[in-house]
Every structure is written in C-alpha cells, then in structure tokens.
file input.txt (compact mmCIF, C-alpha atoms)
# COMPACT_ATOMS: atom_id res chain seq x y z
CA MET D 1 5.77 65.24 -43.54
CA ASN D 2 3.29 66.02 -46.30
CA LEU D 3 -0.45 65.53 -46.07
CA GLY D 4 -0.40 62.26 -48.05
CA ASP D 5 2.20 60.69 -45.71
CA HIS D 6 0.21 61.82 -42.68
CA ALA D 7 -2.97 60.26 -44.10
CA VAL D 8 -1.16 56.96 -44.75
CA ASP D 9 0.16 56.95 -41.18
CA ASP D 10 -3.36 57.64 -39.87
CA LEU D 11 -4.76 54.76 -41.92
CA ARG D 12 -2.07 52.41 -40.60
CA PHE D 13 -2.91 53.42 -37.03
CA ILE D 14 -6.64 52.88 -37.60
CA ARG D 15 -6.06 49.50 -39.27
CA SER D 16 -3.78 48.41 -36.42
CA ALA D 17 -6.32 49.51 -33.79
CA MET D 18 -9.12 47.62 -35.55
CA GLU D 19 -7.00 44.46 -35.80
CA ARG D 20 -6.16 44.65 -32.09
CA ALA D 21 -9.81 45.15 -31.21
CA GLY D 22 -10.83 42.08 -33.20
CA ALA D 23 -8.11 39.67 -32.10
CA PHE D 24 -7.16 38.41 -28.66
CA THR D 25 -3.41 38.90 -28.67
CA ALA D 26 -2.70 37.98 -25.05
CA VAL D 27 -2.28 34.27 -25.79
CA PRO D 28 0.88 33.53 -23.80
CA GLY D 29 3.58 31.89 -25.88
CA TRP D 30 5.87 31.29 -22.92
CA GLY D 31 2.89 30.01 -20.99
CA GLY D 32 2.30 27.49 -23.78
CA VAL D 33 5.90 26.37 -23.43
CA GLY D 34 5.43 25.89 -19.68
CA MET D 35 2.18 24.02 -20.24
CA GLY D 36 3.93 21.81 -22.80
CA VAL D 37 6.74 20.93 -20.41
CA THR D 38 4.16 20.10 -17.72
CA ALA D 39 2.34 17.77 -20.12
CA LEU D 40 5.51 16.01 -21.21
CA LEU D 41 6.33 15.23 -17.58
CA ALA D 42 2.76 14.06 -17.02
CA ALA D 43 2.86 11.78 -20.07
CA PHE D 44 5.93 9.99 -18.73
CA LEU D 45 4.52 9.72 -15.20
CA ALA D 46 1.03 8.68 -16.28
CA ALA D 47 2.32 5.95 -18.59
CA VAL D 48 3.80 4.02 -15.64
CA GLN D 49 0.82 4.24 -13.29
CA PRO D 50 -0.62 0.87 -12.27
CA THR D 51 -4.30 1.90 -12.14
CA PRO D 52 -6.64 4.15 -14.14
CA GLU D 53 -7.30 6.18 -10.99
CA ARG D 54 -3.61 6.97 -10.51
CA TRP D 55 -3.25 7.67 -14.23
CA LEU D 56 -6.12 10.14 -14.00
CA ALA D 57 -4.64 11.73 -10.87
CA VAL D 58 -1.36 12.44 -12.69
CA TRP D 59 -3.18 14.07 -15.59
CA LEU D 60 -5.51 16.06 -13.33
CA VAL D 61 -2.59 17.48 -11.35
CA ALA D 62 -0.86 18.33 -14.63
CA ALA D 63 -4.03 19.99 -15.92
CA LEU D 64 -4.31 22.13 -12.79
CA VAL D 65 -0.65 23.14 -13.01
CA ALA D 66 -0.97 23.90 -16.73
CA ALA D 67 -4.18 25.88 -16.17
CA GLY D 68 -2.42 27.93 -13.50
CA ILE D 69 0.51 28.58 -15.83
CA GLY D 70 -1.84 29.52 -18.66
CA LEU D 71 -3.98 31.81 -16.52
CA CYS D 72 -1.05 33.61 -14.86
CA THR D 73 0.85 34.14 -18.10
CA THR D 74 -2.30 35.27 -19.93
CA VAL D 75 -3.10 37.84 -17.25
CA ARG D 76 0.50 39.07 -17.25
CA LYS D 77 0.62 39.40 -21.05
CA ALA D 78 -2.82 41.04 -21.19
CA ARG D 79 -1.74 43.65 -18.64
CA ARG D 80 1.51 44.29 -20.51
CA LEU D 81 -0.38 44.74 -23.81
CA ASP D 82 -3.31 46.54 -22.17
CA VAL D 83 -5.74 43.97 -23.61
CA PRO D 84 -9.02 43.35 -21.75
CA LEU D 85 -9.67 39.77 -20.65
CA VAL D 86 -13.38 39.95 -19.87
CA ARG D 87 -14.71 41.93 -22.82
CA GLY D 88 -14.22 42.10 -26.56
CA ALA D 89 -11.97 39.48 -28.15
CA GLY D 90 -10.78 38.23 -24.73
CA ARG D 91 -14.33 37.35 -23.74
CA LYS D 92 -14.91 35.61 -27.09
CA PHE D 93 -11.68 33.67 -26.66
CA VAL D 94 -12.78 32.37 -23.26
CA LEU D 95 -16.29 31.58 -24.50
CA GLY D 96 -14.78 29.54 -27.35
CA LEU D 97 -12.41 27.61 -25.11
CA LEU D 98 -14.40 27.01 -21.93
CA PRO D 99 -17.38 24.89 -23.13
CA PRO D 100 -15.25 22.11 -24.68
CA ILE D 101 -13.15 21.98 -21.49
CA VAL D 102 -16.28 21.56 -19.35
CA VAL D 103 -17.67 18.93 -21.73
CA GLY D 104 -14.32 17.11 -21.58
CA ALA D 105 -14.53 16.95 -17.79
CA LEU D 106 -18.09 15.61 -17.92
CA LEU D 107 -17.26 13.00 -20.56
CA THR D 108 -14.17 11.94 -18.61
CA ALA D 109 -16.33 11.12 -15.60
CA ALA D 110 -18.83 9.26 -17.80
CA LEU D 111 -16.17 7.27 -19.67
CA LEU D 112 -14.35 6.28 -16.50
CA GLY D 113 -17.65 5.30 -14.89
CA ALA D 114 -18.47 3.13 -17.90
CA GLY D 115 -15.06 1.46 -17.82
CA THR D 116 -13.92 2.92 -21.13
CA ALA D 117 -10.88 4.86 -19.93
CA ALA D 118 -9.02 4.07 -23.17
CA LEU D 119 -11.18 6.67 -24.96
CA VAL D 120 -10.31 9.50 -22.54
CA PRO D 121 -7.14 10.65 -24.39
CA ALA D 122 -9.09 10.94 -27.67
CA VAL D 123 -11.87 12.89 -25.96
CA TRP D 124 -9.40 15.25 -24.30
CA LEU D 125 -7.42 15.91 -27.47
CA LEU D 126 -10.52 16.33 -29.63
CA LEU D 127 -12.29 18.67 -27.23
CA TYR D 128 -9.20 20.71 -26.36
CA GLY D 129 -8.46 20.99 -30.09
CA THR D 130 -12.05 22.07 -30.72
CA GLY D 131 -11.79 24.71 -28.01
CA ILE D 132 -8.48 26.00 -29.32
CA VAL D 133 -9.82 26.23 -32.89
CA ALA D 134 -12.98 28.03 -31.68
CA ALA D 135 -11.07 30.40 -29.40
CA GLY D 136 -8.42 30.85 -32.07
CA ALA D 137 -10.99 32.43 -34.36
CA PHE D 138 -10.54 35.48 -32.10
CA SER D 139 -6.77 35.28 -31.79
CA VAL D 140 -3.51 35.21 -33.69
CA PRO D 141 -3.31 32.85 -36.73
CA ALA D 142 -1.09 30.28 -34.98
CA VAL D 143 -3.80 29.43 -32.43
CA PRO D 144 -6.33 27.76 -34.77
CA LEU D 145 -3.45 25.84 -36.38
CA GLN D 146 -2.51 24.58 -32.93
CA GLY D 147 -6.10 23.43 -32.47
CA LEU D 148 -6.01 21.63 -35.81
CA ALA D 149 -2.85 19.75 -34.77
CA LEU D 150 -4.61 18.67 -31.57
CA LEU D 151 -7.65 17.50 -33.54
CA ILE D 152 -5.44 15.35 -35.77
CA LEU D 153 -3.84 13.76 -32.70
CA GLY D 154 -7.31 13.23 -31.23
CA VAL D 155 -8.35 11.28 -34.32
CA ALA D 156 -5.16 9.23 -34.01
CA ALA D 157 -6.08 8.50 -30.38
CA LEU D 158 -9.47 7.21 -31.53
CA LEU D 159 -7.82 4.94 -34.07
CA VAL D 160 -5.00 3.76 -31.77
CA PRO D 161 -6.28 4.07 -28.18
CA GLU D 162 -3.34 2.11 -26.76
CA ALA D 163 -1.09 5.04 -27.77
CA GLY D 164 -3.03 7.42 -25.52
CA ASP D 165 -0.18 8.63 -23.31
CA LEU D 166 2.14 9.08 -26.28
CA LEU D 167 -0.51 11.09 -28.15
CA LEU D 168 -1.36 13.15 -25.05
CA GLY D 169 2.35 13.88 -24.66
CA LEU D 170 2.56 14.91 -28.30
CA GLY D 171 -0.60 17.03 -28.13
CA PHE D 172 -0.51 18.68 -24.75
CA GLY D 173 3.29 18.58 -24.64
CA VAL D 174 4.98 18.98 -28.01
CA VAL D 175 2.16 20.89 -29.74
CA ASN D 176 1.87 23.37 -26.84
CA LEU D 177 5.66 23.72 -26.75
CA VAL D 178 6.08 24.32 -30.49
CA PHE D 179 3.15 26.70 -30.87
CA GLY D 180 4.08 28.39 -27.61
CA LEU D 181 7.51 29.16 -29.05
CA VAL D 182 5.97 30.41 -32.31
CA ILE D 183 3.59 32.71 -30.42
CA ALA D 184 6.34 33.90 -28.07
CA VAL D 185 8.66 34.81 -30.96
CA ARG D 186 6.10 36.21 -33.40
CA HIS D 187 3.57 37.75 -31.03
CA GLY D 188 5.52 39.26 -28.18
CA GLY D 189 5.79 36.59 -25.51
call {"tool": "encode", "arguments": {"input": "input.txt", "output": "structure tokens"}}
result
Amino acid sequence: MNLGDHAVDDLRFIRSAMERAGAFTAVPGWGGVGMGVTALLAAFLAAVQPTPERWLAVWLVAALVAAGIGLCTTVRKARRLDVPLVRGAGRKFVLGLLPPIVVGALLTAALLGAGTAALVPAVWLLLYGTGIVAAGAFSVPAVPLQGLALLILGVAALLVPEAGDLLLGLGFGVVNLVFGLVIAVRHGG
C-alpha cells in the first residue's frame, strides 16, 4: 500500500470514529419491533375497555412492557457496539427523550383528573414524537423521521380525538414496527 492509500484509510477511520462519537447508534431496531407489537396488542385491548380507568391500565401496562423491551435491547446493542449509554451521544439521547415522557405522564394525570381523557392520545403521540425528534438529533437519521411520523399522528389525534386508539396503534405500533425494521436492517439490529 502506498502512502496516499494509507492516508485515505486513516482519514476514513478518523471520520468514522468522529461520526460514532457524535451519534447514538445503539437505538434498538428489533426492540422497536417488539415495542410496536406490544402497542398493537394494547390498541386492540384498550379499544374494548368499558371505562377510562381500564383503558389507561391497558396502556400503562403496555408502556411498562415496551419500556422494558426498549431498555433491555438498548443495553444489549450498546454493549455489542461498545457504545456508552451514560455519556456522550447516549446521554444526549436520553436527555432529549426523557423530559417529554415525564411531561406526558404529568399531563395524563391532569387531563384524566379534568375529565378530558379524549385528549390523552394526542398528548402522548405529540410528546413521544417530540422526544424522539429531540433524541434523534443525536442518533441515526431514521430516528427523527420516526418522531416526525408520530407528531403527524398526534396532530391527527387532536383533530379526530375519537380515533385515539387507532392513532395510538398506528403511532406506537406501526410506526415503531416500521422504523424498528429499518433501524434493524440498516443499523445493525
């Protein structure tokens, strides 16, 4: 190998290292698929619940299951890729995602307390989409696009609140499934 080829290889390595340092690549595609399947089941179960409390219980159980899937698959992928979770891009990813999730929980309690449960799906989709877009600024390109799809569904849920379970199923289910598959195929699991 001549000196010019060696220099080009060195530049490629440096560029690759800088890209990895700036992007959180441990977003779990297969975890997104699992989260999507969980949400699709929840959408069907929640839609037939007789009370808002039982509806909420279905979605809360689904959220806990999905969070467990997401956390476990993220940790596993981060270890496999040797990507830190609590510093660098991983820390930024979490700091982009976590605040909208917490705000969503607080607004859910407030909306249910005020008797306006019909707005909960819009709030969830809009805030989860916001968190995904914000966190996606530190991740692979598919992640902010996923957030944008969730935001669009959140707007639809504001305009057509009676379609809440359908839109939650599309957002948390189909969107997570599709983008999970894209991330799994294009970004190593």
call {"tool": "closest_atom_pairs", "arguments": {"input": "input.txt", "of": "stretch 3-93 of chain D", "to": "stretch 177-188 of chain D", "cutoff": "8 Å", "atoms": "all atoms listed in the file", "output": "CSV"}}
result
residue,atom,partner,partner_atom,distance
D:Thr25,CA,D:His187,CA,7.5
D:Val27,CA,D:Ile183,CA,7.6
D:Pro28,CA,D:Ala184,CA,6.9
D:Gly29,CA,D:Gly180,CA,3.9
D:Trp30,CA,D:Ala184,CA,5.8
D:Gly31,CA,D:Gly180,CA,6.9
D:Gly32,CA,D:Gly180,CA,4.3
D:Val33,CA,D:Leu177,CA,4.3
D:Gly34,CA,D:Leu177,CA,7.4
D:Met35,CA,D:Leu177,CA,7.4
D:Gly36,CA,D:Leu177,CA,4.7
D:Val37,CA,D:Leu177,CA,7.0
call {"tool": "closest_residue", "arguments": {"input": "input.txt", "among": "D:Ala118, D:Ile152, D:Ala23, D:Val102", "to": "D:Ala89", "atoms": "all atoms listed in the file"}}
result
D:Ala23
call {"tool": "closest_residue", "arguments": {"input": "input.txt", "among": "D:Ala135, D:Ala105, D:Ile69, D:Ala39", "to": "D:Gly171", "atoms": "only C-alpha atoms"}}
result
D:Ala39
call {"tool": "residues_around", "arguments": {"input": "input.txt", "residues": "D:Ser139", "least_positions_apart": "2", "cutoff": "10 Å", "atoms": "only C-alpha atoms", "output": "CSV table (one decimal) with C-alpha atoms, in the coordinates of the input"}}
result
chain,number,residue,atom,x,y,z
D,20,ARG,CA,-6.2,44.6,-32.1
D,22,GLY,CA,-10.8,42.1,-33.2
D,23,ALA,CA,-8.1,39.7,-32.1
D,24,PHE,CA,-7.2,38.4,-28.7
D,25,THR,CA,-3.4,38.9,-28.7
D,26,ALA,CA,-2.7,38.0,-25.0
D,27,VAL,CA,-2.3,34.3,-25.8
D,89,ALA,CA,-12.0,39.5,-28.2
D,90,GLY,CA,-10.8,38.2,-24.7
D,92,LYS,CA,-14.9,35.6,-27.1
D,93,PHE,CA,-11.7,33.7,-26.7
D,132,ILE,CA,-8.5,26.0,-29.3
D,133,VAL,CA,-9.8,26.2,-32.9
D,134,ALA,CA,-13.0,28.0,-31.7
D,135,ALA,CA,-11.1,30.4,-29.4
D,136,GLY,CA,-8.4,30.8,-32.1
D,137,ALA,CA,-11.0,32.4,-34.4
D,141,PRO,CA,-3.3,32.8,-36.7
D,142,ALA,CA,-1.1,30.3,-35.0
D,143,VAL,CA,-3.8,29.4,-32.4
D,144,PRO,CA,-6.3,27.8,-34.8
call {"tool": "atom_distance", "arguments": {"input": "input.txt", "atom1": "atom CA of D:Ala78", "atom2": "atom CA of D:Asp9"}}
result
25.7 Å
call {"tool": "residues_around", "arguments": {"input": "input.txt", "residues": "D:Leu112", "least_positions_apart": "2", "cutoff": "12 Å", "atoms": "all atoms listed in the file", "output": "list in words"}}
result
Thr51, Pro52, Glu53, Trp55, Leu56, Gly104, Ala105, Leu106, Leu107, Thr108, Ala109, Ala110, Ala114, Gly115, Thr116, Ala117, Ala118, Leu119, Val120, Pro121 and Val123 of chain D
call {"tool": "closest_atom_pairs", "arguments": {"input": "input.txt", "of": "stretch 10-99 of chain D", "to": "stretch 162-168 of chain D", "cutoff": "10 Å", "atoms": "only C-alpha atoms", "output": "CSV"}}
result
residue,atom,partner,partner_atom,distance
D:Ala39,CA,D:Leu168,CA,7.7
D:Leu40,CA,D:Leu168,CA,8.4
D:Ala42,CA,D:Asp165,CA,8.8
D:Ala43,CA,D:Asp165,CA,5.4
D:Phe44,CA,D:Asp165,CA,7.8
D:Leu45,CA,D:Asp165,CA,9.4
D:Ala46,CA,D:Asp165,CA,7.1
D:Ala47,CA,D:Asp165,CA,6.0
D:Val48,CA,D:Asp165,CA,9.8
D:Trp55,CA,D:Asp165,CA,9.6
D:Trp59,CA,D:Leu168,CA,9.7
call {"tool": "atom_distance", "arguments": {"input": "input.txt", "atom1": "atom CA of D:Gln146", "atom2": "atom CA of D:Ala66"}}
result
16.3 Å
call {"tool": "atom_distance", "arguments": {"input": "input.txt", "atom1": "atom CA of D:Leu41", "atom2": "atom CA of D:Ala62"}}
result
8.4 Å
call {"tool": "residues_around", "arguments": {"input": "input.txt", "residues": "D:Leu127", "least_positions_apart": "4", "cutoff": "9 Å", "atoms": "all atoms listed in the file", "output": "PDB file with C-alpha atoms, in the coordinates of the input"}}
result
ATOM      1  CA  PRO D 100     -15.250  22.110 -24.680  1.00  0.00           C
ATOM      2  CA  ILE D 101     -13.150  21.980 -21.490  1.00  0.00           C
ATOM      3  CA  VAL D 103     -17.670  18.930 -21.730  1.00  0.00           C
ATOM      4  CA  GLY D 104     -14.320  17.110 -21.580  1.00  0.00           C
ATOM      5  CA  ALA D 122      -9.090  10.940 -27.670  1.00  0.00           C
ATOM      6  CA  VAL D 123     -11.870  12.890 -25.960  1.00  0.00           C
ATOM      7  CA  GLY D 131     -11.790  24.710 -28.010  1.00  0.00           C
ATOM      8  CA  ILE D 132      -8.480  26.000 -29.320  1.00  0.00           C
ATOM      9  CA  LEU D 150      -4.610  18.670 -31.570  1.00  0.00           C
ATOM     10  CA  LEU D 151      -7.650  17.500 -33.540  1.00  0.00           C
ATOM     11  CA  GLY D 154      -7.310  13.230 -31.230  1.00  0.00           C
TER      12      GLY D 154
END
call {"tool": "decode", "arguments": {"input": "input.txt", "residues": "stretch 39-54 of chain D", "atoms": "all heavy atoms", "output": "mmCIF file, in the first residue's frame"}}
result
data_model
loop_
_atom_site.group_PDB
_atom_site.id
_atom_site.type_symbol
_atom_site.label_atom_id
_atom_site.label_comp_id
_atom_site.auth_asym_id
_atom_site.auth_seq_id
_atom_site.Cartn_x
_atom_site.Cartn_y
_atom_site.Cartn_z
ATOM 1 N N ALA D 39 -47.615 -2.437 21.379
ATOM 2 C CA ALA D 39 -48.599 -1.356 21.214
ATOM 3 C C ALA D 39 -49.789 -1.782 20.365
ATOM 4 O O ALA D 39 -50.924 -1.362 20.638
ATOM 5 C CB ALA D 39 -47.918 -0.135 20.601
ATOM 6 N N LEU D 40 -49.554 -2.589 19.360
ATOM 7 C CA LEU D 40 -50.684 -3.060 18.550
ATOM 8 C C LEU D 40 -51.638 -3.897 19.392
ATOM 9 O O LEU D 40 -52.864 -3.740 19.299
ATOM 10 C CB LEU D 40 -50.183 -3.858 17.348
ATOM 11 C CG LEU D 40 -49.546 -3.025 16.234
ATOM 12 C CD1 LEU D 40 -48.932 -3.920 15.176
ATOM 13 C CD2 LEU D 40 -50.575 -2.081 15.621
ATOM 14 N N LEU D 41 -51.091 -4.768 20.222
ATOM 15 C CA LEU D 41 -51.941 -5.554 21.129
ATOM 16 C C LEU D 41 -52.692 -4.638 22.091
ATOM 17 O O LEU D 41 -53.886 -4.815 22.330
ATOM 18 C CB LEU D 41 -51.100 -6.566 21.899
ATOM 19 C CG LEU D 41 -50.499 -7.704 21.088
ATOM 20 C CD1 LEU D 41 -49.514 -8.506 21.935
ATOM 21 C CD2 LEU D 41 -51.593 -8.605 20.547
ATOM 22 N N ALA D 42 -51.993 -3.646 22.625
ATOM 23 C CA ALA D 42 -52.629 -2.711 23.563
ATOM 24 C C ALA D 42 -53.750 -1.931 22.895
ATOM 25 O O ALA D 42 -54.803 -1.699 23.508
ATOM 26 C CB ALA D 42 -51.588 -1.757 24.140
ATOM 27 N N ALA D 43 -53.546 -1.518 21.645
ATOM 28 C CA ALA D 43 -54.576 -0.746 20.946
ATOM 29 C C ALA D 43 -55.863 -1.548 20.818
ATOM 30 O O ALA D 43 -56.963 -1.018 21.027
ATOM 31 C CB ALA D 43 -54.071 -0.316 19.565
ATOM 32 N N PHE D 44 -55.728 -2.829 20.490
ATOM 33 C CA PHE D 44 -56.923 -3.675 20.368
ATOM 34 C C PHE D 44 -57.580 -3.886 21.724
ATOM 35 O O PHE D 44 -58.808 -3.786 21.847
ATOM 36 C CB PHE D 44 -56.571 -5.028 19.737
ATOM 37 C CG PHE D 44 -56.277 -4.933 18.273
ATOM 38 C CD1 PHE D 44 -54.999 -5.179 17.794
ATOM 39 C CD2 PHE D 44 -57.264 -4.580 17.361
ATOM 40 C CE1 PHE D 44 -54.717 -5.083 16.445
ATOM 41 C CE2 PHE D 44 -56.992 -4.486 16.007
ATOM 42 C CZ PHE D 44 -55.717 -4.731 15.549
ATOM 43 N N LEU D 45 -56.777 -4.152 22.753
ATOM 44 C CA LEU D 45 -57.335 -4.372 24.091
ATOM 45 C C LEU D 45 -57.943 -3.100 24.678
ATOM 46 O O LEU D 45 -59.013 -3.135 25.282
ATOM 47 C CB LEU D 45 -56.266 -4.916 25.034
ATOM 48 C CG LEU D 45 -55.800 -6.339 24.786
ATOM 49 C CD1 LEU D 45 -54.610 -6.678 25.685
ATOM 50 C CD2 LEU D 45 -56.943 -7.322 25.023
ATOM 51 N N ALA D 46 -57.269 -1.985 24.519
ATOM 52 C CA ALA D 46 -57.744 -0.725 25.098
ATOM 53 C C ALA D 46 -59.057 -0.276 24.464
ATOM 54 O O ALA D 46 -59.931 0.262 25.146
ATOM 55 C CB ALA D 46 -56.685 0.359 24.945
ATOM 56 N N ALA D 47 -59.188 -0.516 23.172
ATOM 57 C CA ALA D 47 -60.383 -0.054 22.455
ATOM 58 C C ALA D 47 -61.669 -0.690 22.968
ATOM 59 O O ALA D 47 -62.742 -0.116 22.801
ATOM 60 C CB ALA D 47 -60.233 -0.330 20.957
ATOM 61 N N VAL D 48 -61.590 -1.839 23.619
ATOM 62 C CA VAL D 48 -62.799 -2.524 24.088
ATOM 63 C C VAL D 48 -63.014 -2.393 25.601
ATOM 64 O O VAL D 48 -63.910 -3.029 26.150
ATOM 65 C CB VAL D 48 -62.785 -4.022 23.685
ATOM 66 C CG1 VAL D 48 -62.768 -4.154 22.171
ATOM 67 C CG2 VAL D 48 -61.617 -4.758 24.322
ATOM 68 N N GLN D 49 -62.227 -1.551 26.243
ATOM 69 C CA GLN D 49 -62.381 -1.383 27.690
ATOM 70 C C GLN D 49 -63.592 -0.509 28.003
ATOM 71 O O GLN D 49 -63.831 0.495 27.323
ATOM 72 C CB GLN D 49 -61.105 -0.793 28.302
ATOM 73 C CG GLN D 49 -59.901 -1.695 28.184
ATOM 74 C CD GLN D 49 -60.139 -3.083 28.720
ATOM 75 O OE1 GLN D 49 -60.616 -3.270 29.831
ATOM 76 N NE2 GLN D 49 -59.827 -4.083 27.899
ATOM 77 N N PRO D 50 -64.345 -0.869 29.029
ATOM 78 C CA PRO D 50 -65.589 -0.144 29.319
ATOM 79 C C PRO D 50 -65.402 1.182 30.066
ATOM 80 O O PRO D 50 -66.325 1.995 30.087
ATOM 81 C CB PRO D 50 -66.374 -1.139 30.179
ATOM 82 C CG PRO D 50 -65.326 -1.975 30.840
ATOM 83 C CD PRO D 50 -64.199 -2.071 29.853
ATOM 84 N N THR D 51 -64.245 1.396 30.679
ATOM 85 C CA THR D 51 -64.051 2.627 31.456
ATOM 86 C C THR D 51 -62.701 3.261 31.105
ATOM 87 O O THR D 51 -61.770 2.560 30.689
ATOM 88 C CB THR D 51 -64.057 2.345 32.979
ATOM 89 O OG1 THR D 51 -62.912 1.552 33.303
ATOM 90 C CG2 THR D 51 -65.341 1.641 33.409
ATOM 91 N N PRO D 52 -62.591 4.566 31.314
ATOM 92 C CA PRO D 52 -61.297 5.230 31.083
ATOM 93 C C PRO D 52 -60.188 4.677 31.972
ATOM 94 O O PRO D 52 -59.034 4.597 31.548
ATOM 95 C CB PRO D 52 -61.576 6.702 31.404
ATOM 96 C CG PRO D 52 -63.041 6.877 31.249
ATOM 97 C CD PRO D 52 -63.650 5.543 31.614
ATOM 98 N N GLU D 53 -60.541 4.254 33.179
ATOM 99 C CA GLU D 53 -59.527 3.705 34.088
ATOM 100 C C GLU D 53 -58.950 2.400 33.554
ATOM 101 O O GLU D 53 -57.734 2.174 33.609
ATOM 102 C CB GLU D 53 -60.121 3.489 35.492
ATOM 103 C CG GLU D 53 -60.501 4.763 36.210
ATOM 104 C CD GLU D 53 -61.844 5.346 35.743
ATOM 105 O OE1 GLU D 53 -62.657 4.631 35.122
ATOM 106 O OE2 GLU D 53 -62.071 6.547 35.994
ATOM 107 N N ARG D 54 -59.813 1.542 33.028
ATOM 108 C CA ARG D 54 -59.337 0.274 32.466
ATOM 109 C C ARG D 54 -58.582 0.511 31.159
ATOM 110 O O ARG D 54 -57.596 -0.177 30.873
ATOM 111 C CB ARG D 54 -60.491 -0.698 32.293
ATOM 112 C CG ARG D 54 -60.971 -1.175 33.688
ATOM 113 C CD ARG D 54 -62.055 -2.183 33.671
ATOM 114 N NE ARG D 54 -61.673 -3.395 32.943
ATOM 115 C CZ ARG D 54 -62.500 -4.410 32.752
ATOM 116 N NH1 ARG D 54 -63.729 -4.362 33.260
ATOM 117 N NH2 ARG D 54 -62.125 -5.456 32.074
#
